[in-house]
file structure11.cif (mmCIF, C-alpha atoms (C1' of nucleotides))
data_data
#
loop_
_atom_site.label_atom_id
_atom_site.label_comp_id
_atom_site.auth_asym_id
_atom_site.auth_seq_id
_atom_site.Cartn_x
_atom_site.Cartn_y
_atom_site.Cartn_z
CA MET A 896 -23.80 63.35 2.39
CA LYS A 897 -25.16 60.07 1.07
CA ILE A 898 -28.94 59.54 1.25
CA ALA A 899 -30.47 56.21 0.19
CA THR A 900 -33.91 54.66 -0.09
CA TRP A 901 -34.71 50.94 -0.02
CA ASN A 902 -37.93 48.94 0.16
CA ILE A 903 -36.65 46.01 2.22
CA ASN A 904 -39.87 43.92 2.10
CA GLY A 905 -39.83 42.90 5.74
CA VAL A 906 -37.14 43.90 8.25
CA LYS A 907 -37.26 40.55 10.06
CA ALA A 908 -36.63 38.59 6.86
CA ARG A 909 -34.04 41.12 5.66
CA ILE A 910 -32.02 41.99 8.77
CA ASP A 911 -28.83 40.22 7.59
CA ASN A 912 -29.03 41.91 4.18
CA LEU A 913 -29.82 45.26 5.78
CA LEU A 914 -26.79 45.15 8.09
CA ALA A 915 -24.50 43.99 5.27
CA TRP A 916 -25.79 46.77 3.03
CA LEU A 917 -25.33 49.47 5.68
CA GLU A 918 -21.72 48.37 6.20
CA GLU A 919 -21.02 48.27 2.47
CA SER A 920 -22.92 51.32 1.24
CA GLN A 921 -22.43 53.54 4.30
CA PRO A 922 -25.40 55.86 3.77
CA ASP A 923 -25.52 58.82 6.14
CA ILE A 924 -29.32 58.65 5.97
CA ALA A 925 -31.26 55.52 4.92
CA CYS A 926 -34.99 55.59 4.19
CA LEU A 927 -36.65 52.17 4.49
CA GLN A 928 -40.09 51.04 3.36
CA GLU A 929 -42.22 47.94 3.96
CA ILE A 930 -40.59 47.17 7.29
CA LYS A 931 -43.71 45.06 8.03
CA SER A 932 -43.04 45.41 11.74
CA VAL A 933 -44.47 47.17 14.75
CA ASP A 934 -42.09 49.73 16.27
CA GLU A 935 -41.43 47.57 19.37
CA ASN A 936 -40.13 44.68 17.25
CA PHE A 937 -37.87 46.73 14.95
CA PRO A 938 -34.25 45.49 15.36
CA ARG A 939 -32.94 48.86 16.46
CA LEU A 940 -30.06 47.61 18.66
CA GLU A 941 -28.19 45.93 15.79
CA ILE A 942 -28.60 49.06 13.67
CA GLU A 943 -27.65 51.46 16.45
CA ALA A 944 -24.50 49.36 16.92
CA LEU A 945 -23.45 50.51 13.42
CA GLY A 946 -23.73 54.14 14.50
CA TYR A 947 -27.27 54.99 13.41
CA HIS A 948 -30.10 56.79 15.10
CA VAL A 949 -33.37 54.98 14.35
CA GLU A 950 -36.90 56.36 13.93
CA THR A 951 -39.75 54.12 12.79
CA HIS A 952 -43.42 54.33 11.91
CA GLY A 953 -44.56 50.75 11.76
CA GLN A 954 -47.73 48.70 11.91
CA LYS A 955 -48.54 45.02 12.25
CA GLY A 956 -47.95 42.84 9.20
CA PHE A 957 -47.86 45.36 6.37
CA ASN A 958 -46.45 48.70 5.25
CA GLY A 959 -44.26 50.58 7.71
CA VAL A 960 -41.41 53.06 7.10
CA ALA A 961 -38.22 54.03 8.92
CA ILE A 962 -35.30 56.44 8.76
CA LEU A 963 -31.81 55.46 9.91
CA SER A 964 -29.38 58.33 10.30
CA LYS A 965 -25.83 58.94 11.40
CA LEU A 966 -26.95 62.52 12.09
CA ARG A 967 -29.01 63.26 15.15
CA PHE A 968 -32.71 63.89 14.45
CA ASP A 969 -33.71 67.47 15.29
CA GLU A 970 -37.37 66.62 14.67
CA VAL A 971 -39.48 63.66 13.54
CA ASN A 972 -42.97 63.80 12.00
CA ARG A 973 -45.09 60.72 11.36
CA ARG A 974 -48.18 60.45 9.11
CA LEU A 975 -49.01 62.40 5.95
CA PRO A 976 -51.55 65.12 6.83
CA GLY A 977 -54.88 65.46 5.06
CA ASP A 978 -56.85 62.38 6.19
CA GLU A 979 -57.24 61.64 9.90
CA THR A 980 -58.94 58.31 9.05
CA ASP A 981 -55.87 56.95 7.20
CA GLU A 982 -54.44 54.25 9.49
CA GLN A 983 -51.71 53.01 7.15
CA SER A 984 -48.08 53.69 8.14
CA ARG A 985 -46.52 55.11 4.99
CA PHE A 986 -44.80 58.40 5.85
CA ILE A 987 -42.07 59.64 8.20
CA GLU A 988 -40.08 62.88 8.01
CA GLY A 989 -36.78 63.59 9.74
CA VAL A 990 -35.14 67.02 10.08
CA PHE A 991 -31.35 67.38 10.33
CA SER A 992 -28.86 70.21 10.77
CA THR A 993 -26.41 70.60 7.89
CA SER A 994 -23.95 73.04 6.34
CA ALA A 995 -26.89 74.24 4.18
CA GLY A 996 -29.24 74.66 7.14
CA ALA A 997 -32.20 72.40 7.94
CA LEU A 998 -32.40 69.31 5.73
CA ARG A 999 -35.75 67.51 5.57
CA VAL A 1000 -35.79 63.86 4.51
CA VAL A 1001 -38.99 61.84 4.03
CA SER A 1002 -39.27 58.06 3.79
CA LEU A 1003 -42.53 57.31 1.98
CA TYR A 1004 -44.33 54.17 0.86
CA LEU A 1005 -46.92 55.29 -1.65
CA PRO A 1006 -49.98 53.00 -1.97
CA ASN A 1007 -49.76 50.35 -4.68
CA GLY A 1008 -53.32 51.00 -5.86
CA ASN A 1009 -54.07 47.61 -7.42
CA PRO A 1010 -56.40 46.39 -8.60
CA VAL A 1011 -57.62 49.43 -10.53
CA GLY A 1012 -61.40 49.53 -10.19
CA THR A 1013 -61.38 48.85 -6.45
CA GLU A 1014 -61.25 51.37 -3.60
CA LYS A 1015 -57.46 50.88 -3.57
CA PHE A 1016 -56.90 53.01 -6.66
CA PRO A 1017 -58.71 56.17 -5.45
CA TYR A 1018 -56.87 55.70 -2.13
CA LYS A 1019 -53.59 55.86 -4.06
CA LEU A 1020 -54.64 58.98 -6.01
CA GLY A 1021 -55.95 60.64 -2.85
CA TRP A 1022 -52.65 59.89 -1.11
CA MET A 1023 -50.77 61.48 -4.02
CA GLU A 1024 -52.97 64.60 -3.76
CA ARG A 1025 -52.19 64.84 -0.06
CA LEU A 1026 -48.48 64.44 -0.84
CA GLU A 1027 -48.70 67.24 -3.42
CA ARG A 1028 -50.33 69.59 -0.91
CA TRP A 1029 -47.82 68.70 1.80
CA THR A 1030 -44.89 69.17 -0.60
CA ALA A 1031 -46.17 72.58 -1.74
CA GLY A 1032 -46.16 73.68 1.89
CA ARG A 1033 -42.63 72.43 2.50
CA LEU A 1034 -41.33 74.02 -0.74
CA ALA A 1035 -42.48 77.40 0.56
CA LEU A 1036 -39.80 77.02 3.26
CA GLU A 1037 -37.12 77.10 0.51
CA GLU A 1038 -35.05 74.46 2.33
CA PRO A 1039 -33.30 71.33 1.11
CA LEU A 1040 -35.97 68.60 0.96
CA VAL A 1041 -35.59 64.97 -0.15
CA LEU A 1042 -38.71 62.86 -0.74
CA ALA A 1043 -37.37 59.31 -0.91
CA GLY A 1044 -39.22 56.06 -1.20
CA ASP A 1045 -41.24 53.48 -3.05
CA TYR A 1046 -43.62 55.63 -5.10
CA ASN A 1047 -45.28 52.68 -6.86
CA VAL A 1048 -45.15 54.91 -9.97
CA ILE A 1049 -43.72 53.98 -13.37
CA ALA A 1050 -43.23 57.55 -14.57
CA LYS A 1051 -42.42 56.89 -18.23
CA PRO A 1052 -42.38 53.94 -20.68
CA ILE A 1053 -38.57 53.81 -20.47
CA ASP A 1054 -38.96 52.96 -16.78
CA ALA A 1055 -40.31 49.48 -17.60
CA LYS A 1056 -38.73 46.66 -19.58
CA ASN A 1057 -42.15 45.80 -21.05
CA PRO A 1058 -44.37 48.88 -20.74
CA SER A 1059 -47.26 47.14 -22.52
CA ALA A 1060 -47.46 44.62 -19.67
CA TRP A 1061 -48.31 47.46 -17.24
CA VAL A 1062 -51.06 49.34 -19.10
CA ASP A 1063 -53.81 47.96 -16.82
CA ASP A 1064 -51.71 48.33 -13.67
CA ALA A 1065 -52.21 51.10 -11.10
CA LEU A 1066 -48.47 51.89 -11.25
CA PHE A 1067 -48.72 53.00 -14.89
CA GLN A 1068 -52.19 54.58 -15.16
CA PRO A 1069 -52.37 58.04 -16.80
CA GLU A 1070 -53.79 59.50 -13.55
CA THR A 1071 -50.91 58.00 -11.56
CA ARG A 1072 -48.27 59.35 -13.93
CA GLU A 1073 -49.93 62.77 -14.03
CA ALA A 1074 -49.96 62.97 -10.23
CA PHE A 1075 -46.22 62.19 -10.24
CA ARG A 1076 -45.61 64.86 -12.88
CA ARG A 1077 -47.50 67.36 -10.70
CA LEU A 1078 -44.88 66.81 -7.99
CA GLU A 1079 -42.22 67.61 -10.58
CA TRP A 1080 -44.16 70.67 -11.77
CA LEU A 1081 -44.14 71.96 -8.21
CA GLY A 1082 -40.36 72.11 -8.55
CA MET A 1083 -39.20 68.66 -7.40
CA THR A 1084 -36.46 66.92 -9.43
CA ASP A 1085 -36.20 63.16 -10.03
CA ALA A 1086 -32.57 62.68 -8.93
CA ILE A 1087 -31.85 59.74 -11.23
CA ARG A 1088 -33.16 61.61 -14.28
CA ALA A 1089 -31.03 64.61 -13.30
CA VAL A 1090 -27.92 62.53 -13.95
CA THR A 1091 -28.84 59.98 -16.66
CA ASP A 1092 -31.38 59.14 -19.39
CA GLU A 1093 -30.51 55.43 -19.41
CA GLN A 1094 -33.01 52.69 -18.64
CA LEU A 1095 -32.68 51.67 -14.99
CA PHE A 1096 -34.81 49.43 -12.80
CA THR A 1097 -35.26 49.29 -9.02
CA PHE A 1098 -37.77 46.40 -8.73
CA TRP A 1099 -37.92 42.92 -10.19
CA ASP A 1100 -40.84 40.65 -9.26
CA TYR A 1101 -40.03 37.41 -7.44
CA GLN A 1102 -42.26 35.61 -9.95
CA ALA A 1103 -41.68 34.20 -13.43
CA GLY A 1104 -37.91 34.73 -13.46
CA ALA A 1105 -38.24 38.51 -13.70
CA TRP A 1106 -34.75 39.14 -12.27
CA GLN A 1107 -33.07 36.57 -14.54
CA LYS A 1108 -34.77 38.18 -17.56
CA ASP A 1109 -34.05 41.71 -16.29
CA ASN A 1110 -37.80 42.29 -16.51
CA GLY A 1111 -37.86 45.22 -14.10
CA ILE A 1112 -39.42 48.60 -13.42
CA ARG A 1113 -38.14 51.84 -11.86
CA ILE A 1114 -40.51 52.83 -9.07
CA ASP A 1115 -38.19 53.86 -6.21
CA HIS A 1116 -37.41 57.54 -6.49
CA LEU A 1117 -35.73 60.45 -4.72
CA LEU A 1118 -37.38 63.78 -5.49
CA LEU A 1119 -35.36 66.88 -4.59
CA SER A 1120 -36.37 70.46 -3.88
CA PRO A 1121 -34.34 73.13 -5.73
CA GLU A 1122 -32.35 73.79 -2.55
CA ALA A 1123 -31.41 70.08 -2.37
CA GLY A 1124 -30.96 69.64 -6.13
CA ARG A 1125 -28.34 72.37 -6.34
CA HIS A 1126 -26.11 70.21 -4.13
CA LEU A 1127 -26.65 66.96 -6.08
CA SER A 1128 -23.34 65.37 -7.08
CA SER A 1129 -24.39 61.80 -7.97
CA ALA A 1130 -27.33 59.39 -8.10
CA ALA A 1131 -27.22 55.64 -8.64
CA VAL A 1132 -29.14 52.38 -8.37
CA GLU A 1133 -27.38 49.72 -6.28
CA LYS A 1134 -28.51 46.89 -8.54
CA HIS A 1135 -26.07 44.23 -7.30
CA VAL A 1136 -28.03 43.92 -4.03
CA ARG A 1137 -30.82 42.11 -5.96
CA ALA A 1138 -28.41 39.19 -6.57
CA TRP A 1139 -27.70 38.64 -2.85
CA GLU A 1140 -29.06 35.63 -0.97
CA LYS A 1141 -32.69 36.07 0.12
CA PRO A 1142 -33.03 39.48 -1.56
CA SER A 1143 -35.79 42.05 -1.35
CA ASP A 1144 -37.64 42.47 -4.65
CA HIS A 1145 -36.45 46.13 -4.59
CA VAL A 1146 -32.87 47.48 -4.58
CA PRO A 1147 -31.47 50.63 -2.94
CA VAL A 1148 -31.24 53.95 -4.77
CA ALA A 1149 -28.76 56.49 -3.43
CA ILE A 1150 -27.72 60.09 -3.99
CA ASP A 1151 -24.80 62.18 -2.86
CA LEU A 1152 -25.41 65.78 -1.84
CA ALA A 1153 -22.50 68.17 -1.42
CA LEU A 1154 -23.58 68.93 2.14
CA GLU A 1155 -22.16 68.10 5.51
CA ALA A 1156 -23.57 67.59 8.94
CA ALA A 1157 -23.54 70.83 10.94
CA ALA A 1158 -20.45 71.14 13.09
"C1'" DA B 322 -49.71 31.59 -19.14
"C1'" DT B 323 -56.19 34.28 -15.09
"C1'" DG B 324 -49.93 31.46 -13.81
"C1'" DG B 325 -45.80 32.57 -11.07
"C1'" DT B 326 -43.08 33.86 -5.56
"C1'" DT B 327 -42.29 35.91 -1.11
"C1'" DG B 328 -43.53 37.80 3.66
"C1'" DC B 329 -46.35 37.82 7.55
"C1'" DT B 330 -48.42 34.64 10.03
"C1'" DC B 331 -50.55 29.86 10.05
"C1'" DG B 332 -55.57 31.24 6.25
"C1'" DG B 333 -55.40 34.48 3.24
"C1'" DC B 334 -54.04 38.86 1.89
"C1'" DA B 335 -50.72 42.10 -0.15
"C1'" DA B 336 -47.46 42.87 -3.50
#
call {"tool": "encode", "arguments": {"input": "structure11.cif", "output": "structure tokens"}}
result
Amino acid sequence: MKIATWNINGVKARIDNLLAWLEESQPDIACLQEIKSVDENFPRLEIEALGYHVETHGQKGFNGVAILSKLRFDEVNRRLPGDETDEQSRFIEGVFSTSAGALRVVSLYLPNGNPVGTEKFPYKLGWMERLERWTAGRLALEEPLVLAGDYNVIAKPIDAKNPSAWVDDALFQPETREAFRRLEWLGMTDAIRAVTDEQLFTFWDYQAGAWQKDNGIRIDHLLLSPEAGRHLSSAAVEKHVRAWEKPSDHVPVAIDLALEAAA
DNA sequence: ATGGTTGCTCGGCAA
């Protein structure tokens, strides 16, 4: 079963790329971030025509996440618990029936947190604390769990072409990196790092020729519970998508799990 | 380089 995550930076601007990518990559489950659309305007008909079920959690103008799945959703949960006042659409969980029992897949768009020194940074850290608590609860179920999305976290210096350029950025603060490590300490595995130590990027800024200079960062991650990680057979960044016409500034990251949809 | 580019929405924010 192929599970992918992609920050598409606007579903309206990216619909042609999204449909082309779905046909080429053929993910069984696709987690999207920054759909920048309300649910009513999400182009579900075109996507359903390719054989996907569609669940969204959007808002006007910014943020917004979605899960597309060739498997039927058994359950859908929107919003990360822990702060009833949080109005930003950044979290959706789908539950699916597989050969290994219930599979839980989350599409998350973790707050950017810039600039550090404003209320945006503590919002990011608070969101990461809520995610840690939620994940601890799900891990107690001892089920396959995939947390996929744009984490806005540069976990290690190797995950940036120029780490020194990011030292004042929320994505690379010690508190940010520690909060990410706490998710790993809970028992979650960074799928890419389970298969390779090489330098890989998932985001290149639109500005200053970042793509042409390969000045990128790796901030889109799939974290796996032990029960998901034991089925991991491959993980890869689909870098070529960044060279398409009218690209997102992020590219898809995909894993294969040796699991099948329940009969 | 206190710049640069894109999306959403048509001024200014978010990234």
call {"tool": "resolve_selection", "arguments": {"input": "structure11.cif", "expression": "the PyMOL selection byres ((chain B and resi 330-333) around 12)", "output": "PyMOL selection string"}}
result
(chain A and resi 931+955-957) or (chain B and resi 328-329+334-335)
call {"tool": "closest_residue", "arguments": {"input": "structure11.cif", "among": "A:Val1090, A:Leu1026, A:Ala1158, A:Ala1105", "to": "chain B", "atoms": "all atoms listed in the file"}}
result
A:Ala1105
call {"tool": "resolve_selection", "arguments": {"input": "structure11.cif", "expression": "the PyMOL selection byres ((chain A and resi 951) around 8)", "output": "list in words"}}
result
Asp934, Phe937, Val949, Glu950, His952, Gly953, Gly959, Val960, Ala961, Ile962 and Ile987 of chain A
call {"tool": "atom_distance", "arguments": {"input": "structure11.cif", "atom1": "atom CA of A:Met896", "atom2": "atom CA of A:Ala1153"}}
result
6.3 Å
call {"tool": "residues_around", "arguments": {"input": "structure11.cif", "residues": "stretch 1031-1036 of chain A", "least_positions_apart": "6", "cutoff": "10 Å", "atoms": "only C-alpha atoms (C1' of nucleotides)", "output": "list in words"}}
result
Arg999, Arg1025, Leu1078, Leu1081, Gly1082, Met1083, Ser1120, Pro1121 and Glu1122 of chain A
call {"tool": "resolve_selection", "arguments": {"input": "structure11.cif", "expression": "the PyMOL selection byres ((chain A and resi 926) around 9)", "output": "JSON list (two decimals) with C-alpha atoms, keeping the file's coordinate frame"}}
result
[["chain", "number", "residue", "atom", "x", "y", "z"],
["A", 898, "ILE", "CA", -28.94, 59.54, 1.25],
["A", 899, "ALA", "CA", -30.47, 56.21, 0.19],
["A", 900, "THR", "CA", -33.91, 54.66, -0.09],
["A", 901, "TRP", "CA", -34.71, 50.94, -0.02],
["A", 902, "ASN", "CA", -37.93, 48.94, 0.16],
["A", 924, "ILE", "CA", -29.32, 58.65, 5.97],
["A", 925, "ALA", "CA", -31.26, 55.52, 4.92],
["A", 927, "LEU", "CA", -36.65, 52.17, 4.49],
["A", 928, "GLN", "CA", -40.09, 51.04, 3.36],
["A", 960, "VAL", "CA", -41.41, 53.06, 7.10],
["A", 961, "ALA", "CA", -38.22, 54.03, 8.92],
["A", 962, "ILE", "CA", -35.30, 56.44, 8.76],
["A", 963, "LEU", "CA", -31.81, 55.46, 9.91],
["A", 964, "SER", "CA", -29.38, 58.33, 10.30],
["A", 1000, "VAL", "CA", -35.79, 63.86, 4.51],
["A", 1001, "VAL", "CA", -38.99, 61.84, 4.03],
["A", 1002, "SER", "CA", -39.27, 58.06, 3.79],
["A", 1003, "LEU", "CA", -42.53, 57.31, 1.98],
["A", 1043, "ALA", "CA", -37.37, 59.31, -0.91],
["A", 1044, "GLY", "CA", -39.22, 56.06, -1.20]]
call {"tool": "atom_distance", "arguments": {"input": "structure11.cif", "atom1": "atom CA of A:Lys1108", "atom2": "atom CA of A:Ala1055"}}
result
12.6 Å
call {"tool": "closest_residue", "arguments": {"input": "structure11.cif", "among": "A:Pro1006, A:Gly1012, A:Pro1147, A:Pro1058", "to": "chain B", "atoms": "all atoms listed in the file"}}
result
A:Pro1006
call {"tool": "residues_around", "arguments": {"input": "structure11.cif", "residues": "stretch 1133-1143 of chain A", "least_positions_apart": "6", "cutoff": "9 Å", "atoms": "only C-alpha atoms (C1' of nucleotides)", "output": "PyMOL selection string"}}
result
(chain A and resi 902-905+908-909+912+916+920+1096-1099+1101+1106+1149) or (chain B and resi 327)
call {"tool": "write_last_selection", "arguments": {"input": "structure11.cif", "atoms": "C-alpha atoms (C1' of nucleotides)", "output": "PDB file, in the frame of the given file"}}
result
ATOM      1  CA  ASN A 902     -37.930  48.940   0.160  1.00  0.00           C
ATOM      2  CA  ILE A 903     -36.650  46.010   2.220  1.00  0.00           C
ATOM      3  CA  ASN A 904     -39.870  43.920   2.100  1.00  0.00           C
ATOM      4  CA  GLY A 905     -39.830  42.900   5.740  1.00  0.00           C
ATOM      5  CA  ALA A 908     -36.630  38.590   6.860  1.00  0.00           C
ATOM      6  CA  ARG A 909     -34.040  41.120   5.660  1.00  0.00           C
ATOM      7  CA  ASN A 912     -29.030  41.910   4.180  1.00  0.00           C
ATOM      8  CA  TRP A 916     -25.790  46.770   3.030  1.00  0.00           C
ATOM      9  CA  SER A 920     -22.920  51.320   1.240  1.00  0.00           C
ATOM     10  CA  PHE A1096     -34.810  49.430 -12.800  1.00  0.00           C
ATOM     11  CA  THR A1097     -35.260  49.290  -9.020  1.00  0.00           C
ATOM     12  CA  PHE A1098     -37.770  46.400  -8.730  1.00  0.00           C
ATOM     13  CA  TRP A1099     -37.920  42.920 -10.190  1.00  0.00           C
ATOM     14  CA  TYR A1101     -40.030  37.410  -7.440  1.00  0.00           C
ATOM     15  CA  TRP A1106     -34.750  39.140 -12.270  1.00  0.00           C
ATOM     16  CA  ALA A1149     -28.760  56.490  -3.430  1.00  0.00           C
TER      17      ALA A1149
ATOM     18  C1'  DT B 327     -42.290  35.910  -1.110  1.00  0.00           C
TER      19       DT B 327
END
call {"tool": "closest_residue", "arguments": {"input": "structure11.cif", "among": "A:Asp978, A:Leu1066, A:Ser1129, A:Asn1057", "to": "A:Asp1109", "atoms": "all atoms listed in the file"}}
result
A:Asn1057
call {"tool": "atom_distance", "arguments": {"input": "structure11.cif", "atom1": "atom CA of A:Leu914", "atom2": "atom CA of A:His1145"}}
result
16.0 Å
call {"tool": "decode", "arguments": {"input": "structure11.cif", "residues": "stretch 1082-1143 of chain A", "atoms": "C-alpha atoms", "output": "mmCIF file, in the first residue's frame"}}
result
data_model
loop_
_atom_site.group_PDB
_atom_site.id
_atom_site.type_symbol
_atom_site.label_atom_id
_atom_site.label_comp_id
_atom_site.auth_asym_id
_atom_site.auth_seq_id
_atom_site.Cartn_x
_atom_site.Cartn_y
_atom_site.Cartn_z
ATOM 1 C CA GLY A 1082 8.291 5.432 19.293
ATOM 2 C CA MET A 1083 7.559 7.090 15.938
ATOM 3 C CA THR A 1084 10.010 6.475 13.063
ATOM 4 C CA ASP A 1085 10.932 9.019 10.368
ATOM 5 C CA ALA A 1086 10.287 6.820 7.305
ATOM 6 C CA ILE A 1087 12.872 8.482 5.070
ATOM 7 C CA ARG A 1088 15.597 8.116 7.710
ATOM 8 C CA ALA A 1089 14.639 4.457 8.133
ATOM 9 C CA VAL A 1090 15.793 3.810 4.575
ATOM 10 C CA THR A 1091 18.567 6.343 3.833
ATOM 11 C CA ASP A 1092 21.055 8.768 5.424
ATOM 12 C CA GLU A 1093 21.466 10.834 2.253
ATOM 13 C CA GLN A 1094 20.633 14.523 2.039
ATOM 14 C CA LEU A 1095 17.133 14.945 0.600
ATOM 15 C CA PHE A 1096 14.904 17.996 0.275
ATOM 16 C CA THR A 1097 11.116 18.318 -0.016
ATOM 17 C CA PHE A 1098 10.774 22.137 -0.258
ATOM 18 C CA TRP A 1099 12.470 24.777 -2.358
ATOM 19 C CA ASP A 1100 11.401 28.407 -1.977
ATOM 20 C CA TYR A 1101 9.949 30.143 -5.031
ATOM 21 C CA GLN A 1102 12.325 33.045 -4.355
ATOM 22 C CA ALA A 1103 15.938 33.729 -5.262
ATOM 23 C CA GLY A 1104 16.352 30.732 -7.577
ATOM 24 C CA ALA A 1105 16.262 28.245 -4.702
ATOM 25 C CA TRP A 1106 15.192 25.344 -6.942
ATOM 26 C CA GLN A 1107 17.828 26.071 -9.601
ATOM 27 C CA LYS A 1108 20.505 26.156 -6.873
ATOM 28 C CA ASP A 1109 19.049 23.089 -5.119
ATOM 29 C CA ASN A 1110 18.796 25.288 -2.025
ATOM 30 C CA GLY A 1111 16.170 23.165 -0.291
ATOM 31 C CA ILE A 1112 15.065 21.797 3.066
ATOM 32 C CA ARG A 1113 13.409 18.547 4.180
ATOM 33 C CA ILE A 1114 10.294 19.420 6.175
ATOM 34 C CA ASP A 1115 7.644 17.006 4.844
ATOM 35 C CA HIS A 1116 7.721 13.818 6.866
ATOM 36 C CA LEU A 1117 5.933 10.524 7.447
ATOM 37 C CA LEU A 1118 6.254 9.286 11.017
ATOM 38 C CA LEU A 1119 5.347 5.634 11.602
ATOM 39 C CA SER A 1120 4.248 3.747 14.689
ATOM 40 C CA PRO A 1121 6.093 0.454 15.340
ATOM 41 C CA GLU A 1122 3.121 -1.469 13.952
ATOM 42 C CA ALA A 1123 3.341 0.546 10.701
ATOM 43 C CA GLY A 1124 7.147 0.627 10.583
ATOM 44 C CA ARG A 1125 7.436 -3.153 10.635
ATOM 45 C CA HIS A 1126 5.666 -3.194 7.263
ATOM 46 C CA LEU A 1127 7.792 -0.436 5.661
ATOM 47 C CA SER A 1128 9.274 -1.568 2.354
ATOM 48 C CA SER A 1129 10.325 1.751 0.747
ATOM 49 C CA ALA A 1130 10.307 5.526 1.193
ATOM 50 C CA ALA A 1131 11.151 8.161 -1.399
ATOM 51 C CA VAL A 1132 10.916 11.839 -2.317
ATOM 52 C CA GLU A 1133 9.255 12.480 -5.693
ATOM 53 C CA LYS A 1134 11.587 15.346 -6.531
ATOM 54 C CA HIS A 1135 10.837 15.544 -10.266
ATOM 55 C CA VAL A 1136 7.411 17.056 -9.534
ATOM 56 C CA ARG A 1137 9.141 20.340 -8.538
ATOM 57 C CA ALA A 1138 10.251 20.776 -12.180
ATOM 58 C CA TRP A 1139 6.690 20.599 -13.570
ATOM 59 C CA GLU A 1140 4.906 23.666 -14.936
ATOM 60 C CA LYS A 1141 3.386 25.847 -12.201
ATOM 61 C CA PRO A 1142 4.742 23.669 -9.378
ATOM 62 C CA SER A 1143 4.023 23.722 -5.670
#
